[in-house]
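Structure first, commentary second.
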Amino acid sequence: METLIMKPSDNSIELAAKLLRQGEVVAVPTETVYGLAANALSTDAVNKIYKAKGRPSDNPLIVHIAEASMMEKLCCDIPKLAYVLAEKFWPGSLTMVLNKRKLIPDITSGGLDTVGVRMPDNEHTLDIIKKAGIPLAAPSANLSGMPSPTAAVHVFDDMKGKIPLIIDGGRCRVGVESTVISFIENGVSILRPGAVTAEMLSDFCDVKIDDFVLNQANSGVKPISPGVKYKHYSPNAKVFLVEADDFHFKNYVLKHNGEKVCAIIKQENLDGINFYSYGDDDKQQAAKIFALLRLADKDGMEKIYIHAPKKDGMALAVYNRLIRAAGFDIIKL
Ligand code: AMP
Ligand code: MG
């Protein structure tokens, strides 16, 4: 099939809504990353998402809504705290895992009794959800395992010929996927870190960081968030995450230098090696990281040494993605 890329307009939003109502898959912009959207209430439509991505079927999808009242139609036993957090952080990068109602098919929730819901902060996508009149299941719009797409061209690279339409809303402002939380006694547990940080949530309740945020899922323990089991966010090049100060990072990379070797650095430049800079600021690092991993592949790089971000604020989200991109190959100097 031909894959159209259209800028947001009355026409393209109408077309997206129509295709979604007909059970097709459409890529839509959000503030986090591009989503591969389909009718969350239709098994056939959601099946098409899994097929296009090559995603394992036990990895649940996040359901995107345009009004907080939709949460009650999809979920039950909603804790009071969920309303407080929705009021504060929606539209925005917060996904809440809640008990699901029966109208959500098993395929959408990966067979779980719970479902993740979120209201994205993108006016065009909110418009599409309202016009379509249905909640949209939407994982990141990349091939399973690859870095998430933060520009329409990334979606096109992965999905051309597989979906009819990509709505091109420009670069994603946040650049990493939403914060995923579940509710525990007196507070929340962060299953996946994102732009709504532990620090921000702790103004409202107790905040725990799930063990799998910083650790590898092993076969003995069943993670609450099935997505953490899989290799993720990885370009074709081999990624090495290096935790070191500037001096030791530079020395290490120069020692391992080569024609198809590059570094993702925090400084402005690094003499003597192919480099891309993602800066020193956590928000900037989040906004740039996935695009740089894809760029390194396009440039034919075979090895990428990344100067590890910190683990606080939004840097925790970047760190969480990079340990997985590196297959937990972390070099500590
Ligand atoms: P993606 O669709 O790529 O943004 O990934 C969605 C993430 O949210 C995955 O890591 C899922 O495991 C997680 N997730 C979605 N729904 C649930 C749920 N019901 N319970 C726990 N984690 C979930
Ligand atoms: Mg994803």
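Identifiers in this document derive from the order of the structure tokens: chains are assigned A, B, ..., residues are numbered from 1 separately in each chain, and ligands are numbered from 1 in order of occurrence.
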
Using only C-alpha atoms, what does the table of region 92-118 of chain A residues within 12 Å of region 137-155 of chain A look like, with each row giving the shortest atom pair and its distance in Å to one decimal, sorted by chain and ascending number, as CSV?
```
residue,atom,partner,partner_atom,distance
A:Thr95,CA,A:Ala138,CA,11.9
A:Ile104,CA,A:Ala137,CA,10.1
A:Pro105,CA,A:Ala137,CA,10.9
A:Ile107,CA,A:Ala137,CA,10.2
A:Thr108,CA,A:Ala137,CA,6.9
A:Ser109,CA,A:Ala137,CA,9.4
A:Gly110,CA,A:Ala137,CA,11.6
A:Val115,CA,A:Ala137,CA,10.2
A:Gly116,CA,A:Ala137,CA,9.5
A:Val117,CA,A:Ala137,CA,9.0
A:Arg118,CA,A:Ala137,CA,10.0
```

Would you write out those residues with N, CA, C and O atoms, as a CSV table (one decimal), in the first residue's frame?
```csv
chain,number,residue,atom,x,y,z
A,95,THR,N,1.1,8.1,31.8
A,95,THR,CA,0.2,7.0,31.5
A,95,THR,C,-0.1,6.3,32.8
A,95,THR,O,0.8,6.0,33.6
A,104,ILE,N,-12.6,-3.3,26.7
A,104,ILE,CA,-11.2,-3.3,26.1
A,104,ILE,C,-10.8,-4.7,25.8
A,104,ILE,O,-10.7,-5.5,26.7
A,105,PRO,N,-10.5,-5.0,24.6
A,105,PRO,CA,-10.2,-6.4,24.2
A,105,PRO,C,-8.9,-6.8,24.8
A,105,PRO,O,-8.0,-6.0,25.0
A,107,ILE,N,-6.4,-8.2,23.4
A,107,ILE,CA,-5.3,-7.9,22.6
A,107,ILE,C,-4.7,-6.5,22.9
A,107,ILE,O,-3.5,-6.3,22.9
A,108,THR,N,-5.5,-5.6,23.3
A,108,THR,CA,-5.1,-4.2,23.6
A,108,THR,C,-4.3,-4.2,24.9
A,108,THR,O,-3.3,-3.5,25.0
A,109,SER,N,-4.7,-5.0,25.9
A,109,SER,CA,-4.1,-5.0,27.2
A,109,SER,C,-3.1,-6.1,27.3
A,109,SER,O,-2.6,-6.4,28.4
A,110,GLY,N,-2.7,-6.8,26.2
A,110,GLY,CA,-1.7,-7.8,26.3
A,110,GLY,C,-2.2,-9.0,27.2
A,110,GLY,O,-1.4,-9.6,27.8
A,115,VAL,N,-5.2,-1.7,32.1
A,115,VAL,CA,-4.9,-1.0,30.9
A,115,VAL,C,-4.2,0.3,31.2
A,115,VAL,O,-4.5,1.0,32.2
A,116,GLY,N,-3.2,0.7,30.4
A,116,GLY,CA,-2.6,2.0,30.5
A,116,GLY,C,-3.4,3.1,29.7
A,116,GLY,O,-3.7,2.9,28.5
A,117,VAL,N,-3.7,4.2,30.4
A,117,VAL,CA,-4.4,5.3,29.6
A,117,VAL,C,-3.7,6.6,29.8
A,117,VAL,O,-3.0,6.9,30.8
A,118,ARG,N,-3.8,7.4,28.7
A,118,ARG,CA,-3.1,8.7,28.7
A,118,ARG,C,-3.8,9.7,27.8
A,118,ARG,O,-4.4,9.2,26.8
```

Step by step, measure atom-to-atom distances between ligand 2 and each residue using only C-alpha atoms and all ligand atoms, keep those at most 12 Å, then write them as a PDB file with N, CA, C and O atoms, in the first residue's frame.
```pdb
ATOM      1  N   THR A  32       5.472  13.137  23.033  1.00  0.00           N
ATOM      2  CA  THR A  32       6.537  12.214  23.447  1.00  0.00           C
ATOM      3  C   THR A  32       7.250  11.662  22.215  1.00  0.00           C
ATOM      4  O   THR A  32       8.380  12.059  21.921  1.00  0.00           O
ATOM      5  N   VAL A  33       6.603  10.735  21.524  1.00  0.00           N
ATOM      6  CA  VAL A  33       7.128  10.181  20.269  1.00  0.00           C
ATOM      7  C   VAL A  33       5.924   9.961  19.345  1.00  0.00           C
ATOM      8  O   VAL A  33       4.790  10.104  19.777  1.00  0.00           O
ATOM      9  N   TYR A  34       6.175   9.588  18.082  1.00  0.00           N
ATOM     10  CA  TYR A  34       5.044   9.295  17.187  1.00  0.00           C
ATOM     11  C   TYR A  34       4.394   7.977  17.605  1.00  0.00           C
ATOM     12  O   TYR A  34       5.074   7.028  18.002  1.00  0.00           O
ATOM     13  N   GLY A  35       3.066   7.944  17.517  1.00  0.00           N
ATOM     14  CA  GLY A  35       2.319   6.744  17.887  1.00  0.00           C
ATOM     15  C   GLY A  35       1.727   6.071  16.653  1.00  0.00           C
ATOM     16  O   GLY A  35       1.415   6.716  15.663  1.00  0.00           O
ATOM     17  N   LEU A  36       1.597   4.739  16.736  1.00  0.00           N
ATOM     18  CA  LEU A  36       0.965   3.971  15.665  1.00  0.00           C
ATOM     19  C   LEU A  36      -0.435   3.625  16.163  1.00  0.00           C
ATOM     20  O   LEU A  36      -0.604   2.709  16.963  1.00  0.00           O
ATOM     21  N   ILE A  49      -1.761  -3.233  14.305  1.00  0.00           N
ATOM     22  CA  ILE A  49      -0.614  -2.533  14.924  1.00  0.00           C
ATOM     23  C   ILE A  49       0.497  -3.535  15.228  1.00  0.00           C
ATOM     24  O   ILE A  49       1.668  -3.315  14.895  1.00  0.00           O
ATOM     25  N   TYR A  50       0.122  -4.631  15.894  1.00  0.00           N
ATOM     26  CA  TYR A  50       1.132  -5.637  16.267  1.00  0.00           C
ATOM     27  C   TYR A  50       1.843  -6.150  15.015  1.00  0.00           C
ATOM     28  O   TYR A  50       3.061  -6.351  15.019  1.00  0.00           O
ATOM     29  N   LYS A  53       4.288  -3.510  13.471  1.00  0.00           N
ATOM     30  CA  LYS A  53       5.483  -3.306  14.297  1.00  0.00           C
ATOM     31  C   LYS A  53       6.319  -4.570  14.469  1.00  0.00           C
ATOM     32  O   LYS A  53       7.491  -4.494  14.815  1.00  0.00           O
ATOM     33  N   GLY A  54       5.680  -5.739  14.280  1.00  0.00           N
ATOM     34  CA  GLY A  54       6.348  -6.980  14.640  1.00  0.00           C
ATOM     35  C   GLY A  54       6.499  -7.076  16.147  1.00  0.00           C
ATOM     36  O   GLY A  54       7.525  -7.514  16.661  1.00  0.00           O
ATOM     37  N   ARG A  55       5.473  -6.611  16.892  1.00  0.00           N
ATOM     38  CA  ARG A  55       5.553  -6.526  18.356  1.00  0.00           C
ATOM     39  C   ARG A  55       5.053  -7.810  19.005  1.00  0.00           C
ATOM     40  O   ARG A  55       4.027  -8.355  18.599  1.00  0.00           O
ATOM     41  N   PRO A  56       5.750  -8.313  20.059  1.00  0.00           N
ATOM     42  CA  PRO A  56       5.267  -9.503  20.765  1.00  0.00           C
ATOM     43  C   PRO A  56       3.871  -9.236  21.345  1.00  0.00           C
ATOM     44  O   PRO A  56       3.617  -8.155  21.867  1.00  0.00           O
ATOM     45  N   ASN A  59       2.859  -7.702  24.923  1.00  0.00           N
ATOM     46  CA  ASN A  59       3.328  -6.370  25.306  1.00  0.00           C
ATOM     47  C   ASN A  59       2.168  -5.384  25.118  1.00  0.00           C
ATOM     48  O   ASN A  59       1.827  -5.041  23.996  1.00  0.00           O
ATOM     49  N   PRO A  60       1.526  -4.954  26.229  1.00  0.00           N
ATOM     50  CA  PRO A  60       0.275  -4.194  26.112  1.00  0.00           C
ATOM     51  C   PRO A  60       0.449  -2.814  25.498  1.00  0.00           C
ATOM     52  O   PRO A  60       1.546  -2.250  25.525  1.00  0.00           O
ATOM     53  N   LEU A  61      -0.650  -2.282  24.989  1.00  0.00           N
ATOM     54  CA  LEU A  61      -0.623  -0.970  24.338  1.00  0.00           C
ATOM     55  C   LEU A  61      -1.230   0.080  25.256  1.00  0.00           C
ATOM     56  O   LEU A  61      -2.098  -0.226  26.071  1.00  0.00           O
ATOM     57  N   ILE A  62      -0.783   1.314  25.085  1.00  0.00           N
ATOM     58  CA  ILE A  62      -1.362   2.418  25.845  1.00  0.00           C
ATOM     59  C   ILE A  62      -2.567   2.952  25.065  1.00  0.00           C
ATOM     60  O   ILE A  62      -2.508   3.105  23.837  1.00  0.00           O
ATOM     61  N   ALA A 138      -2.094   3.104  20.939  1.00  0.00           N
ATOM     62  CA  ALA A 138      -0.972   3.621  20.142  1.00  0.00           C
ATOM     63  C   ALA A 138       0.365   3.377  20.835  1.00  0.00           C
ATOM     64  O   ALA A 138       0.729   4.093  21.752  1.00  0.00           O
ATOM     65  N   PRO A 139       1.090   2.357  20.386  1.00  0.00           N
ATOM     66  CA  PRO A 139       2.482   2.210  20.814  1.00  0.00           C
ATOM     67  C   PRO A 139       3.351   3.141  19.977  1.00  0.00           C
ATOM     68  O   PRO A 139       2.850   3.787  19.053  1.00  0.00           O
ATOM     69  N   SER A 140       4.624   3.216  20.304  1.00  0.00           N
ATOM     70  CA  SER A 140       5.525   4.015  19.473  1.00  0.00           C
ATOM     71  C   SER A 140       5.532   3.448  18.055  1.00  0.00           C
ATOM     72  O   SER A 140       5.445   2.237  17.854  1.00  0.00           O
ATOM     73  N   ALA A 141       5.677   4.355  17.055  1.00  0.00           N
ATOM     74  CA  ALA A 141       5.455   3.967  15.659  1.00  0.00           C
ATOM     75  C   ALA A 141       6.722   3.446  14.964  1.00  0.00           C
ATOM     76  O   ALA A 141       6.930   3.667  13.777  1.00  0.00           O
ATOM     77  N   ASN A 142       7.573   2.752  15.721  1.00  0.00           N
ATOM     78  CA  ASN A 142       8.788   2.154  15.160  1.00  0.00           C
ATOM     79  C   ASN A 142       8.582   0.657  14.972  1.00  0.00           C
ATOM     80  O   ASN A 142       7.674   0.066  15.568  1.00  0.00           O
ATOM     81  N   LEU A 143       9.462   0.032  14.169  1.00  0.00           N
ATOM     82  CA  LEU A 143       9.513  -1.424  14.154  1.00  0.00           C
ATOM     83  C   LEU A 143       9.934  -1.871  15.554  1.00  0.00           C
ATOM     84  O   LEU A 143      10.769  -1.215  16.186  1.00  0.00           O
ATOM     85  N   SER A 144       9.364  -2.942  16.036  1.00  0.00           N
ATOM     86  CA  SER A 144       9.651  -3.412  17.392  1.00  0.00           C
ATOM     87  C   SER A 144      11.165  -3.560  17.587  1.00  0.00           C
ATOM     88  O   SER A 144      11.854  -4.125  16.746  1.00  0.00           O
ATOM     89  N   GLY A 145      11.658  -2.994  18.702  1.00  0.00           N
ATOM     90  CA  GLY A 145      13.085  -3.096  19.007  1.00  0.00           C
ATOM     91  C   GLY A 145      13.910  -1.901  18.577  1.00  0.00           C
ATOM     92  O   GLY A 145      14.978  -1.653  19.122  1.00  0.00           O
ATOM     93  N   MET A 146      13.428  -1.146  17.595  1.00  0.00           N
ATOM     94  CA  MET A 146      14.191   0.007  17.075  1.00  0.00           C
ATOM     95  C   MET A 146      13.945   1.259  17.927  1.00  0.00           C
ATOM     96  O   MET A 146      13.001   1.312  18.701  1.00  0.00           O
ATOM     97  N   PRO A 147      14.806   2.289  17.750  1.00  0.00           N
ATOM     98  CA  PRO A 147      14.563   3.541  18.491  1.00  0.00           C
ATOM     99  C   PRO A 147      13.202   4.137  18.115  1.00  0.00           C
ATOM    100  O   PRO A 147      12.776   4.050  16.959  1.00  0.00           O
ATOM    101  N   SER A 148      12.544   4.756  19.083  1.00  0.00           N
ATOM    102  CA  SER A 148      11.239   5.354  18.816  1.00  0.00           C
ATOM    103  C   SER A 148      11.371   6.527  17.845  1.00  0.00           C
ATOM    104  O   SER A 148      12.387   7.212  17.838  1.00  0.00           O
ATOM    105  N   PRO A 149      10.341   6.757  17.029  1.00  0.00           N
ATOM    106  CA  PRO A 149      10.389   7.843  16.044  1.00  0.00           C
ATOM    107  C   PRO A 149      10.000   9.187  16.654  1.00  0.00           C
ATOM    108  O   PRO A 149       8.982   9.292  17.309  1.00  0.00           O
ATOM    109  N   THR A 150      10.827  10.191  16.434  1.00  0.00           N
ATOM    110  CA  THR A 150      10.525  11.532  16.946  1.00  0.00           C
ATOM    111  C   THR A 150      10.313  12.521  15.802  1.00  0.00           C
ATOM    112  O   THR A 150      10.230  13.726  16.024  1.00  0.00           O
ATOM    113  N   GLY A 175      10.422  13.756  23.242  1.00  0.00           N
ATOM    114  CA  GLY A 175      11.402  12.865  22.622  1.00  0.00           C
ATOM    115  C   GLY A 175      11.558  11.485  23.240  1.00  0.00           C
ATOM    116  O   GLY A 175      12.146  10.609  22.624  1.00  0.00           O
ATOM    117  N   VAL A 176      11.065  11.265  24.454  1.00  0.00           N
ATOM    118  CA  VAL A 176      11.011   9.898  25.002  1.00  0.00           C
ATOM    119  C   VAL A 176       9.566   9.605  25.410  1.00  0.00           C
ATOM    120  O   VAL A 176       8.777  10.518  25.644  1.00  0.00           O
ATOM    121  N   GLU A 177       9.254   8.321  25.514  1.00  0.00           N
ATOM    122  CA  GLU A 177       7.883   7.890  25.762  1.00  0.00           C
ATOM    123  C   GLU A 177       7.408   8.338  27.147  1.00  0.00           C
ATOM    124  O   GLU A 177       8.204   8.687  28.007  1.00  0.00           O
ATOM    125  N   SER A 178       6.091   8.224  27.344  1.00  0.00           N
ATOM    126  CA  SER A 178       5.470   8.723  28.578  1.00  0.00           C
ATOM    127  C   SER A 178       5.960   7.979  29.824  1.00  0.00           C
ATOM    128  O   SER A 178       6.425   6.839  29.751  1.00  0.00           O
ATOM    129  N   ARG A 192       7.891   2.953  34.073  1.00  0.00           N
ATOM    130  CA  ARG A 192       8.766   3.468  33.007  1.00  0.00           C
ATOM    131  C   ARG A 192       8.910   4.969  33.232  1.00  0.00           C
ATOM    132  O   ARG A 192       7.898   5.667  33.292  1.00  0.00           O
ATOM    133  N   PRO A 226       5.156  -5.607  30.968  1.00  0.00           N
ATOM    134  CA  PRO A 226       5.769  -6.632  30.113  1.00  0.00           C
ATOM    135  C   PRO A 226       6.810  -6.072  29.144  1.00  0.00           C
ATOM    136  O   PRO A 226       7.741  -6.778  28.763  1.00  0.00           O
ATOM    137  N   GLY A 227       6.656  -4.786  28.753  1.00  0.00           N
ATOM    138  CA  GLY A 227       7.572  -4.201  27.771  1.00  0.00           C
ATOM    139  C   GLY A 227       9.030  -4.253  28.197  1.00  0.00           C
ATOM    140  O   GLY A 227       9.921  -4.250  27.346  1.00  0.00           O
ATOM    141  N   VAL A 228       9.303  -4.308  29.492  1.00  0.00           N
ATOM    142  CA  VAL A 228      10.696  -4.258  29.942  1.00  0.00           C
ATOM    143  C   VAL A 228      11.478  -5.538  29.640  1.00  0.00           C
ATOM    144  O   VAL A 228      12.689  -5.570  29.771  1.00  0.00           O
ATOM    145  N   TYR A 230      11.817  -6.921  26.731  1.00  0.00           N
ATOM    146  CA  TYR A 230      12.333  -7.015  25.378  1.00  0.00           C
ATOM    147  C   TYR A 230      13.482  -6.054  25.104  1.00  0.00           C
ATOM    148  O   TYR A 230      13.550  -4.990  25.701  1.00  0.00           O
ATOM    149  N   LYS A 231      14.389  -6.476  24.177  1.00  0.00           N
ATOM    150  CA  LYS A 231      15.408  -5.568  23.657  1.00  0.00           C
ATOM    151  C   LYS A 231      14.661  -4.400  23.031  1.00  0.00           C
ATOM    152  O   LYS A 231      13.645  -4.582  22.388  1.00  0.00           O
ATOM    153  N   HIS A 232      15.175  -3.213  23.210  1.00  0.00           N
ATOM    154  CA  HIS A 232      14.344  -2.066  22.919  1.00  0.00           C
ATOM    155  C   HIS A 232      15.204  -0.889  22.501  1.00  0.00           C
ATOM    156  O   HIS A 232      16.354  -0.808  22.889  1.00  0.00           O
ATOM    157  N   TYR A 233      14.620   0.024  21.777  1.00  0.00           N
ATOM    158  CA  TYR A 233      15.225   1.342  21.518  1.00  0.00           C
ATOM    159  C   TYR A 233      16.570   1.241  20.805  1.00  0.00           C
ATOM    160  O   TYR A 233      17.370   2.160  20.862  1.00  0.00           O
ATOM    161  N   SER A 234      16.840   0.122  20.148  1.00  0.00           N
ATOM    162  CA  SER A 234      18.183  -0.165  19.660  1.00  0.00           C
ATOM    163  C   SER A 234      18.334   0.082  18.178  1.00  0.00           C
ATOM    164  O   SER A 234      17.568  -0.455  17.388  1.00  0.00           O
ATOM    165  N   PHE A 290      16.877   9.654  20.453  1.00  0.00           N
ATOM    166  CA  PHE A 290      16.422   8.656  19.474  1.00  0.00           C
ATOM    167  C   PHE A 290      16.787   9.065  18.047  1.00  0.00           C
ATOM    168  O   PHE A 290      17.162   8.219  17.230  1.00  0.00           O
ATOM    169  N   ARG A 321      16.254   4.182  28.824  1.00  0.00           N
ATOM    170  CA  ARG A 321      16.205   3.731  27.426  1.00  0.00           C
ATOM    171  C   ARG A 321      17.580   3.240  26.972  1.00  0.00           C
ATOM    172  O   ARG A 321      17.699   2.253  26.254  1.00  0.00           O
ATOM    173  N   ARG A 324      18.831  -0.245  27.883  1.00  0.00           N
ATOM    174  CA  ARG A 324      18.192  -1.268  27.046  1.00  0.00           C
ATOM    175  C   ARG A 324      18.750  -1.247  25.621  1.00  0.00           C
ATOM    176  O   ARG A 324      18.960  -2.302  25.024  1.00  0.00           O
ATOM    177  N   ALA A 325      18.985  -0.035  25.087  1.00  0.00           N
ATOM    178  CA  ALA A 325      19.596   0.059  23.744  1.00  0.00           C
ATOM    179  C   ALA A 325      20.953  -0.636  23.755  1.00  0.00           C
ATOM    180  O   ALA A 325      21.377  -1.218  22.759  1.00  0.00           O
TER     181      ALA A 325
END
```

From a backbone DSSP assignment, name each residue in region 120-325 of chain A labelled strand (DSSP E or B), as a PyMOL selection string. chain A and resi 136-137+140+165-167+179-184+187-192+206-209+238-243+261-265+274-277+303-307

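Residue nearest ligand 1 within the list A:Asp10, A:Ile5, A:Ile224, A:Gly133: A:Ile224 [criterion: smallest interatomic distance, only C-alpha atoms and all ligand atoms].
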
For Ala68 (chain A), which of A:Leu103, A:His248, A:Pro135, A:Ala317 is the closest residue, counting only C-alpha atoms? A:Pro135

Would you please work out which residue, of A:Cys262, A:Leu15, A:Leu322, A:Cys205, is nearest to Val84 (chain A) when using only C-alpha atoms?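 The shortest atom-to-atom distance to Val84 (chain A) comes from A:Cys205.
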
Surrounding residues of Gly279 (chain A) excluding itself and chain neighbours under 4 positions, 8 Å, only C-alpha atoms, as a PyMOL selection string: chain A and resi 265-268+284-285

Please save all heavy atoms of the selected residues as an mmCIF file, in the first residue's frame.
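The new file again_1.cif reads:
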```
data_model
loop_
_atom_site.group_PDB
_atom_site.id
_atom_site.type_symbol
_atom_site.label_atom_id
_atom_site.label_comp_id
_atom_site.auth_asym_id
_atom_site.auth_seq_id
_atom_site.Cartn_x
_atom_site.Cartn_y
_atom_site.Cartn_z
ATOM 1 N N ILE A 265 28.072 12.422 22.652
ATOM 2 C CA ILE A 265 28.785 13.110 23.728
ATOM 3 C C ILE A 265 27.914 14.193 24.364
ATOM 4 O O ILE A 265 26.885 14.584 23.805
ATOM 5 C CB ILE A 265 30.099 13.735 23.189
ATOM 6 C CG1 ILE A 265 29.794 14.835 22.151
ATOM 7 C CG2 ILE A 265 30.982 12.666 22.576
ATOM 8 C CD1 ILE A 265 31.008 15.634 21.718
ATOM 9 N N LYS A 266 28.373 14.683 25.506
ATOM 10 C CA LYS A 266 27.645 15.750 26.199
ATOM 11 C C LYS A 266 28.241 17.117 25.900
ATOM 12 O O LYS A 266 27.588 18.134 26.084
ATOM 13 C CB LYS A 266 27.703 15.515 27.709
ATOM 14 C CG LYS A 266 27.023 14.237 28.171
ATOM 15 C CD LYS A 266 27.201 14.104 29.676
ATOM 16 C CE LYS A 266 26.569 12.855 30.203
ATOM 17 N NZ LYS A 266 26.813 12.687 31.638
ATOM 18 N N GLN A 267 29.524 17.122 25.454
ATOM 19 C CA GLN A 267 30.178 18.399 25.163
ATOM 20 C C GLN A 267 29.795 18.894 23.773
ATOM 21 O O GLN A 267 29.083 18.220 23.040
ATOM 22 C CB GLN A 267 31.704 18.240 25.211
ATOM 23 C CG GLN A 267 32.257 17.823 26.528
ATOM 24 C CD GLN A 267 32.963 16.478 26.373
ATOM 25 O OE1 GLN A 267 32.335 15.437 26.243
ATOM 26 N NE2 GLN A 267 34.286 16.519 26.371
ATOM 27 N N GLU A 268 30.362 20.056 23.410
ATOM 28 C CA GLU A 268 30.084 20.618 22.081
ATOM 29 C C GLU A 268 30.799 19.830 20.989
ATOM 30 O O GLU A 268 30.275 19.677 19.903
ATOM 31 C CB GLU A 268 30.562 22.063 22.038
ATOM 32 C CG GLU A 268 29.895 22.915 23.085
ATOM 33 C CD GLU A 268 29.233 24.114 22.486
ATOM 34 O OE1 GLU A 268 29.922 24.837 21.753
ATOM 35 O OE2 GLU A 268 28.037 24.315 22.770
ATOM 36 N N GLN A 284 17.098 18.288 26.847
ATOM 37 C CA GLN A 284 17.689 18.277 25.508
ATOM 38 C C GLN A 284 18.149 16.855 25.131
ATOM 39 O O GLN A 284 17.970 16.423 23.988
ATOM 40 C CB GLN A 284 18.877 19.226 25.517
ATOM 41 C CG GLN A 284 19.189 19.810 24.160
ATOM 42 C CD GLN A 284 20.512 20.558 24.224
ATOM 43 O OE1 GLN A 284 21.513 20.095 23.707
ATOM 44 N NE2 GLN A 284 20.506 21.711 24.879
ATOM 45 N N GLN A 285 18.719 16.156 26.087
ATOM 46 C CA GLN A 285 19.166 14.783 25.823
ATOM 47 C C GLN A 285 17.978 13.910 25.418
ATOM 48 O O GLN A 285 18.056 13.129 24.470
ATOM 49 C CB GLN A 285 19.838 14.199 27.075
ATOM 50 C CG GLN A 285 21.183 14.846 27.368
ATOM 51 C CD GLN A 285 21.788 14.384 28.688
ATOM 52 O OE1 GLN A 285 21.108 13.830 29.546
ATOM 53 N NE2 GLN A 285 23.081 14.623 28.849
#
```

Go through A:Leu126, A:Cys172, A:Cys76, A:Leu214 one by one, measure the shortest atom-to-atom distance of each to Ile289 (chain A) using only C-alpha atoms, and give the residue with the smallest value.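 Closest to Ile289 (chain A) of all the choices is A:Cys172.
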
Which of A:Asp203, A:Asp281, A:Asp58, A:Asp245 sits closest to ligand 1 [using only C-alpha atoms and all ligand atoms]: A:Asp58

Work out how far atom 13 (C, counted along the ligand's line) of ligand 1 is from CA of Val188 (chain A), in Å to one decimal.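 These two atoms are separated by 14.6 Å.
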
Quick one: pick out all alpha helix (DSSP H) residues within region 123-312 of chain A from a backbone DSSP run and write them as a PyMOL selection string. chain A and resi 123-132+152-159+198-201+246-255+282-298

Could you give me, as a VMD selection string, the residues within 8 Å of Ala52 (chain A), counting only C-alpha atoms and dropping anything in the same chain fewer than 4 positions from it? chain A and resid 48 143 159 162 to 163

Who sits within 12 Å of Asp246 (chain A), only C-alpha atoms, same chain under 3 positions skipped, as JSON, numbers by chain: {"A": [242, 243, 249, 250, 251, 252, 253, 265, 266, 267, 268, 269, 270, 280, 306, 307, 308, 309, 333]}

In Å, with one decimal, what is the gap from CA of Lys298 (chain A) to CA of Asn236 (chain A)?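 Separating CA of Lys298 (chain A) from CA of Asn236 (chain A) is a distance of 9.6 Å.
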
Given only C-alpha atoms and all ligand atoms as the counted atoms, nearest of A:Asn274, A:Thr125, A:Thr114, A:Asn320 to ligand 1: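 Of the candidates, the smallest distance to ligand 1 is held by A:Thr114.
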
Tell me, as a PyMOL selection string, which residues lie within 10 Å of Lys208 (chain A), counting only C-alpha atoms; anything in the same chain fewer than 5 positions away does not count. chain A and resi 181-184+187-191+198+202

Report as a ChimeraX atom specification all protein, DNA and RNA residues lying within 12 Å of Ile78 (chain A), evaluated on only C-alpha atoms, omitting residues in the same chain fewer than 3 positions from it. /A:69,71-75,81-86,96-101,114-115,117,182-183
